[in-house]
Amino acid sequence: MRCRAAQLFVISILGIGLILVLPGQAQYREYYFHGKVVDTQKNPIEGVEISLRDLGTSRSYAFKANKKGEFKFAGLPHGTYKVIFKKDGYATKEDEWRFETPQDTMQKTEIPDVVLVSLAQVQKQEQLKELQGTVKEAAEKIRQRDYDGAIALLKGALEKNPADTNALYLMGIGYSRKKVYPEAIDALTRVTDSNPTFAPAYFELAICYQQQNDIDKALDLYRKTSELDPNNPDAAFNSGLILFGKNRVEEALAFFEKALGLKPEDPAYLEMAGRCYINQADYPKAIEYLEKAKAGYADPERVKFLDDFIAKLKEQIKR
């Protein structure tokens, strides 16, 4: 912590003031400061060893925090000091205090709370950083479709932290893309249990149940996805696909139209809506949607298929 001129600090040494003052220097009683050492939960830490060394003269002072974590020091000469806080079980903290302006009278100041981090917390943070790096690497492997590689990395991460929801979510995706749905469902369900508002996990679960032909469960999970994330058009589209496959065309069309409301130019959405209108014998409307779908596809074979399909519909209208 850096202090401007004329600011003061306080360090408490069990109620005692100055220690290790060199002979002939007692006349320099310019600064008086006090403060407190606490942990990350704001609990006082007793017995913290505090040392100051004047960088200009090498004068040294040492004292300890009392039972309340408080420290104070009276009679510090002006100068720039290297400050060290040490306590077993905690990471050592270093600072630099600047009391550079000479004072005619004793100046007082209060040091902001000094926070020490336990070694256990430091270790946990380092482990968390390592796990985050592993999860990031696994996500990249999934992007590259190396699902086995991703799963191997994530298994290692979950051995260290079985509750890591990011690792569990990616594990679920990896298994789902490999079509190993029971393992995917297990991982993704653990995500929704620990984080009930995480919409992507419900969406991925719905896909797993849909692929296993558990239609009612899939529809329920797509509905939950839409509740949590109303801007997800694929949840509506997939619901429409399920209902279309069960010949519930009116319900399917409602979902396709909902998806188009969120993503109006998607060719797959347009094509399925067009197919619903064919089932309703509304051929002009079907052609309108299929023409838009054809314009959105880049695949020449798909474009040709729709071109032929539209031509047949037009012939149907003429009859």
# chains A, B, ... in the order shown; residues from 1 in each chain; ligands from 1
$ residues_around --residues "Ala167 (chain A)" --least-positions-apart "2" --cutoff "7 Å" --atoms "only C-alpha atoms" --output "PDB file with N, CA and C atoms, in the first residue's frame"
ATOM      1  N   VAL A 135     -10.841 -27.278 -18.557  1.00  0.00           N
ATOM      2  CA  VAL A 135     -12.187 -27.155 -19.127  1.00  0.00           C
ATOM      3  C   VAL A 135     -12.143 -26.388 -20.450  1.00  0.00           C
ATOM      4  N   LEU A 154     -11.940 -34.086 -19.157  1.00  0.00           N
ATOM      5  CA  LEU A 154     -12.983 -33.727 -18.197  1.00  0.00           C
ATOM      6  C   LEU A 154     -13.079 -34.734 -17.058  1.00  0.00           C
ATOM      7  N   LEU A 158     -12.986 -33.691 -13.176  1.00  0.00           N
ATOM      8  CA  LEU A 158     -14.063 -34.045 -12.251  1.00  0.00           C
ATOM      9  C   LEU A 158     -13.580 -34.924 -11.102  1.00  0.00           C
ATOM     10  N   ASP A 164     -17.957 -29.587 -10.390  1.00  0.00           N
ATOM     11  CA  ASP A 164     -17.699 -28.517 -11.362  1.00  0.00           C
ATOM     12  C   ASP A 164     -18.745 -28.571 -12.484  1.00  0.00           C
ATOM     13  N   THR A 165     -19.665 -27.616 -12.489  1.00  0.00           N
ATOM     14  CA  THR A 165     -20.775 -27.666 -13.441  1.00  0.00           C
ATOM     15  C   THR A 165     -20.321 -27.428 -14.880  1.00  0.00           C
ATOM     16  N   TYR A 169     -21.167 -30.106 -17.699  1.00  0.00           N
ATOM     17  CA  TYR A 169     -21.928 -29.710 -18.884  1.00  0.00           C
ATOM     18  C   TYR A 169     -21.211 -30.145 -20.164  1.00  0.00           C
ATOM     19  N   LEU A 170     -19.908 -29.876 -20.218  1.00  0.00           N
ATOM     20  CA  LEU A 170     -19.142 -30.270 -21.404  1.00  0.00           C
ATOM     21  C   LEU A 170     -19.052 -31.795 -21.523  1.00  0.00           C
ATOM     22  N   MET A 171     -18.974 -32.480 -20.380  1.00  0.00           N
ATOM     23  CA  MET A 171     -18.977 -33.942 -20.404  1.00  0.00           C
ATOM     24  C   MET A 171     -20.280 -34.441 -21.024  1.00  0.00           C
TER      25      MET A 171
END
$ residues_around --residues "region 304-308 of chain A" --least-positions-apart "5" --cutoff "8 Å" --atoms "only C-alpha atoms" --output "mmCIF file with N, CA and C atoms, in the first residue's frame"
data_model
loop_
_atom_site.group_PDB
_atom_site.id
_atom_site.type_symbol
_atom_site.label_atom_id
_atom_site.label_comp_id
_atom_site.auth_asym_id
_atom_site.auth_seq_id
_atom_site.Cartn_x
_atom_site.Cartn_y
_atom_site.Cartn_z
ATOM 1 N N LEU A 290 -41.497 -22.297 -48.899
ATOM 2 C CA LEU A 290 -40.459 -23.124 -49.508
ATOM 3 C C LEU A 290 -39.559 -22.315 -50.431
ATOM 4 N N GLU A 291 -40.109 -21.310 -51.103
ATOM 5 C CA GLU A 291 -39.286 -20.417 -51.926
ATOM 6 C C GLU A 291 -38.270 -19.671 -51.063
ATOM 7 N N LYS A 294 -35.600 -22.148 -49.972
ATOM 8 C CA LYS A 294 -34.675 -22.441 -51.076
ATOM 9 C C LYS A 294 -33.642 -21.332 -51.222
#
$ select_by_dssp --residues "region 34-223 of chain A" --states "strand (DSSP E)" --output "number ranges by chain"
A: 34-38, 49-54, 60-64, 70-76, 79-86, 93-99, 107-110, 114-115
$ write_last_selection --atoms "N, CA and C atoms" --output "short mmCIF file (atom, residue, chain, number, x, y, z; two decimals), in the first residue's frame"
data_model
loop_
_atom_site.label_atom_id
_atom_site.label_comp_id
_atom_site.auth_asym_id
_atom_site.auth_seq_id
_atom_site.Cartn_x
_atom_site.Cartn_y
_atom_site.Cartn_z
N HIS A 34 -2.10 2.94 13.11
CA HIS A 34 -2.74 1.75 13.68
C HIS A 34 -3.59 1.11 12.60
N GLY A 35 -3.83 -0.19 12.76
CA GLY A 35 -4.62 -0.92 11.76
C GLY A 35 -4.98 -2.30 12.27
N LYS A 36 -5.39 -3.16 11.36
CA LYS A 36 -5.88 -4.47 11.75
C LYS A 36 -5.58 -5.47 10.64
N VAL A 37 -5.22 -6.70 11.03
CA VAL A 37 -4.99 -7.78 10.07
C VAL A 37 -6.17 -8.74 10.15
N VAL A 38 -6.76 -9.04 9.00
CA VAL A 38 -7.93 -9.92 8.96
C VAL A 38 -7.76 -10.96 7.86
N GLU A 49 3.22 -11.49 12.44
CA GLU A 49 4.51 -10.79 12.59
C GLU A 49 4.61 -9.71 11.51
N ILE A 50 4.91 -8.51 11.96
CA ILE A 50 4.97 -7.37 11.05
C ILE A 50 6.35 -6.74 11.16
N SER A 51 7.02 -6.57 10.03
CA SER A 51 8.34 -5.95 10.04
C SER A 51 8.39 -4.80 9.05
N LEU A 52 9.06 -3.75 9.45
CA LEU A 52 9.26 -2.57 8.60
C LEU A 52 10.75 -2.35 8.43
N ARG A 53 11.17 -2.01 7.21
CA ARG A 53 12.57 -1.65 6.97
C ARG A 53 12.62 -0.40 6.13
N ASP A 54 13.29 0.63 6.65
CA ASP A 54 13.45 1.89 5.92
C ASP A 54 14.37 1.64 4.73
N SER A 60 15.17 -0.78 11.08
CA SER A 60 14.19 -1.86 11.10
C SER A 60 13.34 -1.79 12.36
N TYR A 61 12.08 -2.20 12.21
CA TYR A 61 11.13 -2.24 13.32
C TYR A 61 10.33 -3.53 13.18
N ALA A 62 9.96 -4.13 14.32
CA ALA A 62 9.19 -5.38 14.27
C ALA A 62 8.20 -5.41 15.42
N PHE A 63 7.03 -5.97 15.17
CA PHE A 63 5.99 -6.08 16.19
C PHE A 63 4.97 -7.10 15.72
N LYS A 64 3.98 -7.41 16.58
CA LYS A 64 2.95 -8.40 16.26
C LYS A 64 1.56 -7.82 16.45
N GLU A 70 -5.17 -6.41 15.90
CA GLU A 70 -4.83 -4.99 15.78
C GLU A 70 -3.32 -4.77 15.94
N PHE A 71 -2.83 -3.74 15.28
CA PHE A 71 -1.44 -3.35 15.44
C PHE A 71 -1.36 -1.83 15.49
N LYS A 72 -0.33 -1.34 16.20
CA LYS A 72 -0.12 0.11 16.24
C LYS A 72 1.36 0.39 16.47
N PHE A 73 1.76 1.57 16.07
CA PHE A 73 3.16 1.93 16.19
C PHE A 73 3.26 3.45 16.35
N ALA A 74 3.98 3.87 17.36
CA ALA A 74 4.15 5.30 17.62
C ALA A 74 5.61 5.68 17.47
N GLY A 75 5.85 6.79 16.80
CA GLY A 75 7.21 7.32 16.71
C GLY A 75 8.00 6.85 15.51
N LEU A 76 7.33 6.64 14.39
CA LEU A 76 8.05 6.19 13.20
C LEU A 76 8.67 7.40 12.48
N GLY A 79 10.16 8.37 6.01
CA GLY A 79 10.93 7.53 5.12
C GLY A 79 10.01 6.64 4.29
N THR A 80 10.63 5.82 3.44
CA THR A 80 9.89 4.84 2.64
C THR A 80 10.21 3.46 3.21
N TYR A 81 9.17 2.69 3.54
CA TYR A 81 9.36 1.43 4.25
C TYR A 81 8.84 0.23 3.45
N LYS A 82 9.63 -0.84 3.47
CA LYS A 82 9.14 -2.12 3.00
C LYS A 82 8.49 -2.82 4.18
N VAL A 83 7.26 -3.27 4.00
CA VAL A 83 6.48 -3.86 5.09
C VAL A 83 6.19 -5.32 4.75
N ILE A 84 6.37 -6.21 5.72
CA ILE A 84 6.10 -7.64 5.51
C ILE A 84 5.19 -8.14 6.62
N PHE A 85 4.13 -8.84 6.23
CA PHE A 85 3.22 -9.48 7.18
C PHE A 85 3.38 -10.99 7.05
N LYS A 86 3.68 -11.68 8.18
CA LYS A 86 3.92 -13.12 8.14
C LYS A 86 3.14 -13.81 9.25
N LYS A 93 2.57 -11.43 2.94
CA LYS A 93 2.16 -10.26 2.17
C LYS A 93 3.20 -9.16 2.34
N GLU A 94 3.59 -8.56 1.22
CA GLU A 94 4.54 -7.46 1.25
C GLU A 94 3.88 -6.18 0.73
N ASP A 95 4.35 -5.05 1.23
CA ASP A 95 3.80 -3.76 0.82
C ASP A 95 4.90 -2.71 0.92
N GLU A 96 4.59 -1.54 0.45
CA GLU A 96 5.51 -0.41 0.59
C GLU A 96 4.74 0.78 1.13
N TRP A 97 5.21 1.30 2.24
CA TRP A 97 4.55 2.46 2.85
C TRP A 97 5.45 3.67 2.70
N ARG A 98 4.86 4.76 2.30
CA ARG A 98 5.62 6.00 2.08
C ARG A 98 5.23 7.06 3.12
N PHE A 99 6.14 7.33 4.03
CA PHE A 99 6.01 8.44 4.99
C PHE A 99 7.19 9.38 4.71
N GLN A 107 2.01 12.79 13.59
CA GLN A 107 0.88 12.66 12.67
C GLN A 107 0.24 11.28 12.83
N LYS A 108 -1.09 11.24 12.83
CA LYS A 108 -1.81 9.97 13.02
C LYS A 108 -2.56 9.58 11.75
N THR A 109 -2.64 8.29 11.54
CA THR A 109 -3.45 7.78 10.42
C THR A 109 -3.90 6.36 10.73
N GLU A 110 -4.95 5.93 10.03
CA GLU A 110 -5.45 4.57 10.17
C GLU A 110 -5.18 3.79 8.89
N VAL A 114 -5.60 -4.95 6.59
CA VAL A 114 -4.66 -5.77 5.83
C VAL A 114 -5.24 -7.19 5.76
N VAL A 115 -5.45 -7.69 4.56
CA VAL A 115 -6.09 -8.99 4.38
C VAL A 115 -5.03 -10.04 4.02
#
$ closest_residue --among "A:Ala268, A:Arg248, A:Ala163, A:Asp39" --to "Arg302 (chain A)" --atoms "only C-alpha atoms"
A:Ala268
$ residues_around --residues "Asn231 (chain A)" --least-positions-apart "6" --cutoff "12 Å" --atoms "only C-alpha atoms" --output "list in words"
Ala199, Pro200, Thr225, Phe237, Lys258, Ala259, Leu260, Gly261, Leu262 and Lys263 of chain A
$ residues_around --residues "Ile310 (chain A)" --least-positions-apart "6" --cutoff "12 Å" --atoms "only C-alpha atoms" --output "ChimeraX atom specification"
/A:271,274-275,278,283-294,303-304,316-317
$ select_by_dssp --residues "region 103-300 of chain A" --states "alpha helix (DSSP H)" --output "PyMOL selection string"
chain A and resi 119-143+147-160+165-177+181-194+199-211+215-228+233-245+249-262+267-279+283-296+300
$ closest_residue --among "A:Pro230, A:Gly240, A:Gly174, A:Pro44" --to "Leu253 (chain A)" --atoms "only C-alpha atoms"
A:Gly240
$ residues_around --residues "Lys178 (chain A)" --least-positions-apart "4" --cutoff "12 Å" --atoms "only C-alpha atoms" --output "list in words"
Ile142, Arg145, Asp146, Tyr147, Asp148, Gly149, Ala150, Ile151, Met171, Gly172, Ile173, Gly174, Pro182, Glu183, Ala184, Cys208 and Gln211 of chain A
